[in-house]
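Peer 1: To start, I am sharing the structure in question, which I have written as structure tokens.
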Amino acid sequence: MNRKYLKAFLLAVTVIAAFVVMHYGCQESKNLTAGDEAGRVYVAPGTYDEFYLFTSGGFSGHIGVYGLPSGRMFKVIPVFSQDPEKAWGYSEESKPMFMTSHGFIPWDDAHHPKLSQTDGIADGRWIFINGNNTPRIARVDLTTFKTAEIIEIPNSGGNHGSPFLTENTEYVIASTRFSIPIPNKDVAIDSYKENFKGTISFVKVANDGEMDVAFQILVPGFNYDLAHGGKGPSHGWAFFTSYNTEQANTLLEVNASQNDKDFIAAVNWKKAEEYVAQGKFKTFNTSYFRNYFDEKKHMGFSEEKKTVKVLIPEECPGLIYYLPTPKSPHGVDVDPTGEYIAAGGKLASVIVVHSFSKMLKAIENKEFETTIDGIPVLKYESVIGGEVTNPGLGPLHTEFDGNGYGYTSSFISSEIVKWKIGTWEVVDRIPAYYSIGHLCVPGGDTKKPWGKYVIALNKITKDRYLPTGPELTQSAQLIDISGDKMKLLLDFPTIGEPHYAQAIPSEILMKNSKKIYPIEENEHPYGIKAEKDARVVREGNVVHVYMSTIRTHFAPDNIEGIKVGDVVYFHVTNLEQDWDIPHGFAVKGMQNSELLIMPGATETIVWTPLKEGIYPFYCTDFCSALHQEMSGYIRVSPKGSNVAITYGIGK
Amino acid sequence: MFNYKLKSKIRYIFVFLSVFAVVMLFTACGDSGENDTSNQNQTVNKTNPSGLSDWELASGFGPVKKKLNLGPIDKTMAAEGEKIFESKCASCHKLDERYTGPAQRNVLQRVTPEFFMNTVLNPDENLEKHPHSKKMLAEYMTKMTNQNVNLKDARALLEYFRVLDEELTNKNKSN
């Protein structure tokens, strides 16, 4: 009996021990799997990431710059929003960049970064991004990672569907999310169907990047959502999704979800160019601003434009067609060959893929269902290339890997679905944490994707990170797509909402990155090229301080003769000519921001002292061992005092 | 368990290879540094604790790799050099007083023309390797900055200081 019990006991102990060993063994191997993934995203100290990733900052109005695969953040590029760190929107030079027909606007909602292309391939010259709220498009120069130009889009109720490109960056294109009366006027909101219109805009991009609204197309008053330019065979065309073809003006979540199908608008922009050349446009009076930054003068300029050319579809046959597309389509994405146009129907149960060649045939054979305001609606069956069934709930956006697969984000079921072009079968799926919106394959909307990763751009993180109060970080997720199965490698937080992102191999950008602004090329009207030219000049109650910086002093660093109520302009030139040596500048009590002056640049900040006394100023960017010594004093005397302007250094 | 062992083996191999790669990298860097001056006087001064060659000690590190053939002073070039000095150097160097860096009028009585140019053109490497540059840094506490001067401009700067040097020499003679 006892032996039997002992045997049973020993057996039980052995079984338990075996379980324990197996359990911990499993844990261990799980950890090791995680370690393996860590190795895939590990970029050793001092070495470089393979890709730059540019994420929109969403409602922060900035662009975030990250490395892939590490997810390390390198820079925040201020675009539509003021940034006191870089004096963007505070310095006298950058203020003009914020001008609009609604005045100075210090913020916007930035959604879609878009790398410039040559022959349908990302070329690394610029990145464009849209201002969603007050319709604008910005161009960021990728040699300096600085916003070079911002153009306002006239006759637009909201610039969500922007900035998309034609394959040689001939145009950046934009469509209005909200329809409004055009020109805008005071009408009853429920006169929507009668008075509200949409526009599609083509903004010409010159070789040096300068943007100009070439023409607009006046379209029925739907909500235009997203777009993409054609490529290869479809070069010369551009595609725009629309929803709210019901033309509801209230409770859109219900009232704009009634129709089984909305439309993709296919625009033949080469045809549009012909119509414009033939003079078949109407000139609309309007007001919009173009703001640009002159890199030699280190200064922004604003110009107001008063007219725009508008094409009316009824007067321009062959300009635009509607492709019926199920249930409030959102993204419209053209595959690398240029033949297929994938539409993410937010409320649809399939991903509809239109065929460009079938579309051309249907146009030729006039296979039209009906015509809306002069725009022929093609028959669905005549243009459909395929349907991806079971794509997850709420398919939104598709990017491509260049190996014959599409990757579609599904918002409601929070996953990425991989499907095969041609057979339309779903071959893999992976969850996203949580609520994925856009997704990004490096080069994934171009002719040549670098299809190694897909990045999920998520709206919500919930429990993925340490809690930080009611607001949690937003995040991106890096997923390996080099094998048959997608594999999650890394979560990394981002600034603002990473609404959309684009990535490009580092080697394309690195070699063009500017290190300094040559001081001999500085044409700033208040810049100085040598410390001996530093001076203080009074003109009435305006005082100009021509100041220089170099490690480790300002010149001048003692200034007297400033009076309460003076308007003091500090024009600070950084005489350094060495990479990564900006200097900062801040005066006690200054009401705006610091300056952060790059090597060889001049920047200006204005200060109006309110009280007499002594005001220290100092360098805010740690620059050398004697950084703490890099400082000075300004004496402010009462209004009407007779203290003369004097200044100097080292005496 | 097999996986575990295999993976740790792979990991060890990986670590070993990484260490090997890093060692190789450093060795390679060291080699190329010496190769830069290999066509020069390779006599290493055994009594010199820095381990630099005579050429390196006299001329520093930089693009000037052989003795300059100076010739008579070119006044036009010197005038150009003076302008460059005003714009790119004078924020830190005065001619006759200590400022951010040392006074410069007599610089050519302290260093060779080659050392002068190499320091202007390549301050970072000299600060890292050359005992004289290191000594100056210890004294002035601010690194000589790279002012993005090209070879032609550095030569013009040298010409400017040759003029100043000649003036100094003449003055001393007349005293």
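Residues in the structure tokens are named by chain (A, B, ... in the order shown) and by number from 1 within that chain; ligands are numbered from 1 in the order shown.
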As number ranges by chain, please: the residues near Gly103 (chain A) (cut-off 12 Å, only C-alpha atoms, same-chain neighbours under 5 positions excluded).
Peer 2: A: 95-98, 134, 152, 287-289, 302, 304
Peer 1: Go ahead and dump the residues you just picked, N, CA and C atoms, as a CSV table (one decimal), in the first residue's frame.
Peer 2:
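Wrote it out as part.csv, contents follow:
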chain,number,residue,atom,x,y,z
A,95,LYS,N,7.4,84.3,-39.9
A,95,LYS,CA,6.0,84.7,-39.8
A,95,LYS,C,5.2,84.7,-41.2
A,96,PRO,N,5.8,85.2,-42.2
A,96,PRO,CA,5.1,85.2,-43.5
A,96,PRO,C,4.6,83.8,-44.0
A,97,MET,N,5.3,82.8,-43.5
A,97,MET,CA,4.9,81.4,-43.9
A,97,MET,C,3.5,81.0,-43.4
A,98,PHE,N,3.0,81.8,-42.4
A,98,PHE,CA,1.7,81.4,-41.8
A,98,PHE,C,0.6,82.2,-42.4
A,134,THR,N,-7.4,74.7,-42.7
A,134,THR,CA,-7.4,75.9,-43.6
A,134,THR,C,-6.6,75.5,-44.8
A,152,GLU,N,-1.8,78.2,-50.3
A,152,GLU,CA,-3.2,78.1,-49.9
A,152,GLU,C,-4.0,77.6,-51.1
A,287,SER,N,-9.1,84.8,-53.3
A,287,SER,CA,-7.9,85.2,-52.6
A,287,SER,C,-7.2,84.1,-52.0
A,288,TYR,N,-6.0,83.9,-52.3
A,288,TYR,CA,-5.2,82.9,-51.6
A,288,TYR,C,-3.7,83.3,-51.6
A,289,PHE,N,-3.0,82.7,-50.6
A,289,PHE,CA,-1.6,83.2,-50.4
A,289,PHE,C,-0.6,82.1,-50.8
A,302,SER,N,5.5,86.5,-48.5
A,302,SER,CA,4.1,86.2,-48.8
A,302,SER,C,3.6,86.9,-50.0
A,304,GLU,N,-0.1,87.5,-52.2
A,304,GLU,CA,-1.6,87.2,-52.3
A,304,GLU,C,-1.9,87.0,-53.8
Peer 1: Using only C-alpha atoms, which chain B residues lie at most 6 Å away from chain A, written as a PyMOL selection string?
Peer 2: chain B and resi 86-87+91+146-148
Peer 1: Out of B:Thr142, B:Thr100, B:Thr76, B:Ser59, which residue has the shortest atom-to-atom distance to Phe115 (chain B) when counting only C-alpha atoms?
Peer 2: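 The shortest atom-to-atom distance to Phe115 (chain B) comes from B:Ser59.
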Peer 1: Listing only residues of region 226-314 of chain A within 10 Å of region 367-391 of chain A, what is the closest atom pair and its distance in Å (to one decimal) for each, using only C-alpha atoms, sorted by chain and residue number ascending, as JSON lines?
Peer 2:
{"residue": "A:Lys261", "atom": "CA", "partner": "A:Tyr380", "partner_atom": "CA", "distance": 9.5}
{"residue": "A:Phe263", "atom": "CA", "partner": "A:Val377", "partner_atom": "CA", "distance": 8.4}
{"residue": "A:Ile264", "atom": "CA", "partner": "A:Val377", "partner_atom": "CA", "distance": 9.7}
{"residue": "A:Ala265", "atom": "CA", "partner": "A:Ile375", "partner_atom": "CA", "distance": 9.1}
{"residue": "A:Ile312", "atom": "CA", "partner": "A:Gly374", "partner_atom": "CA", "distance": 8.7}
{"residue": "A:Pro313", "atom": "CA", "partner": "A:Gly374", "partner_atom": "CA", "distance": 5.8}
{"residue": "A:Glu314", "atom": "CA", "partner": "A:Gly374", "partner_atom": "CA", "distance": 4.2}
Peer 1: Please list as a ChimeraX atom specification every residue within 7 Å of Gly124 (chain A), counting only C-alpha atoms and excluding residues in the same chain fewer than 3 positions away.
Peer 2: /A:115-116,142,508-509
Peer 1: Would you save the residues from that selection as a PDB file, in the first residue's frame, using N, CA and C atoms?
Peer 2:
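Saved file result_1.pdb follows:
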ATOM      1  N   LEU A 115       6.321  62.068 -50.650  1.00  0.00           N
ATOM      2  CA  LEU A 115       7.651  62.312 -51.206  1.00  0.00           C
ATOM      3  C   LEU A 115       7.576  62.583 -52.699  1.00  0.00           C
ATOM      4  N   SER A 116       8.324  63.569 -53.157  1.00  0.00           N
ATOM      5  CA  SER A 116       8.325  63.897 -54.579  1.00  0.00           C
ATOM      6  C   SER A 116       8.822  62.695 -55.381  1.00  0.00           C
ATOM      7  N   LEU A 142      14.150  68.588 -48.541  1.00  0.00           N
ATOM      8  CA  LEU A 142      14.812  67.487 -47.825  1.00  0.00           C
ATOM      9  C   LEU A 142      16.335  67.605 -47.823  1.00  0.00           C
ATOM     10  N   ILE A 508      19.458  57.683 -50.144  1.00  0.00           N
ATOM     11  CA  ILE A 508      18.996  58.679 -51.118  1.00  0.00           C
ATOM     12  C   ILE A 508      19.051  60.086 -50.506  1.00  0.00           C
ATOM     13  N   LEU A 509      18.691  60.199 -49.223  1.00  0.00           N
ATOM     14  CA  LEU A 509      18.644  61.528 -48.603  1.00  0.00           C
ATOM     15  C   LEU A 509      19.974  61.956 -47.989  1.00  0.00           C
TER      16      LEU A 509
END
Peer 1: Closest to Lys75 (chain B) among B:Lys129, B:Tyr160, B:Val120, B:Leu137, using only C-alpha atoms?
Peer 2: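 Of B:Lys129, B:Tyr160, B:Val120, B:Leu137, the one nearest Lys75 (chain B), counting only C-alpha atoms, is B:Tyr160.
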Peer 1: Please compute the CA of Leu226 (chain A)-CA of Ala342 (chain A) distance, one decimal, in Å.
Peer 2: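 A separation of 12.0 Å between them.
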Peer 1: At a cut-off of 7 Å, using only C-alpha atoms, what residues contact Gly60 (chain B)? Leave out same-chain residues fewer than 6 positions from it and give the result as a list of chain:residue names.
Peer 2: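 Listed by chain and then number, they are B:Phe115, B:Asn118, B:Asn126, B:His130.
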Peer 1: Could you please write out, as a VMD selection string, every residue of region 52-225 of chain A that DSSP assigns to strand (DSSP E or B)?
Peer 2: chain A and resid 52 to 56 58 62 to 68 73 to 78 83 88 99 to 100 103 to 104 110 114 to 118 121 to 131 136 to 141 146 to 152 161 to 165 171 to 175 180 to 181 196 to 205 211 to 220 223 to 225
Peer 1: Neighbouring residues of Gly344 (chain A) were defined as those with any atom within 12 Å, considering only C-alpha atoms; residues of the same chain fewer than 5 positions away were excluded. Please report them as a PyMOL selection string.
Peer 2: chain A and resi 225-227+240-243+262-264+325-334+349-354+387-388+391-399+406-411+417+437-438
Peer 1: Env of region 587-597 of chain A: 6 Å cut, atoms = only C-alpha atoms, seq-sep filter 6 positions within chain, self excluded. Answer as a compact mmCIF listing (two decimals) with N, CA and C atoms, in the first residue's frame.
Peer 2:
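Everything below was put into part_14.txt:
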# COMPACT_ATOMS: atom_id res chain seq x y z
N PRO A 84 8.06 77.14 -30.87
CA PRO A 84 8.96 78.11 -30.23
C PRO A 84 10.40 77.61 -30.14
N LYS A 86 12.15 76.29 -32.46
CA LYS A 86 12.88 76.70 -33.66
C LYS A 86 12.46 78.09 -34.10
N ALA A 87 11.70 78.79 -33.25
CA ALA A 87 11.19 80.13 -33.56
C ALA A 87 10.32 80.13 -34.82
N TRP A 607 11.59 92.41 -29.69
CA TRP A 607 11.39 92.50 -28.23
C TRP A 607 10.99 93.93 -27.89
N TYR A 615 18.72 93.47 -18.34
CA TYR A 615 18.17 92.23 -18.89
C TYR A 615 19.28 91.35 -19.43
N PHE A 617 20.86 88.20 -21.44
CA PHE A 617 20.49 87.30 -22.54
C PHE A 617 21.57 86.22 -22.64
Peer 1: Nearest to Ile436 (chain A) among A:Phe239, A:Tyr500, A:Tyr618, A:Tyr465, with distances taken over only C-alpha atoms: which residue is it?
Peer 2: A:Tyr500
Peer 1: Quick one: DSSP helix (DSSP H, G or I) residues in region 244-491 of chain A, as a ChimeraX atom specification?
Peer 2: /A:252-255,269-277,313-315,356-364,380-383
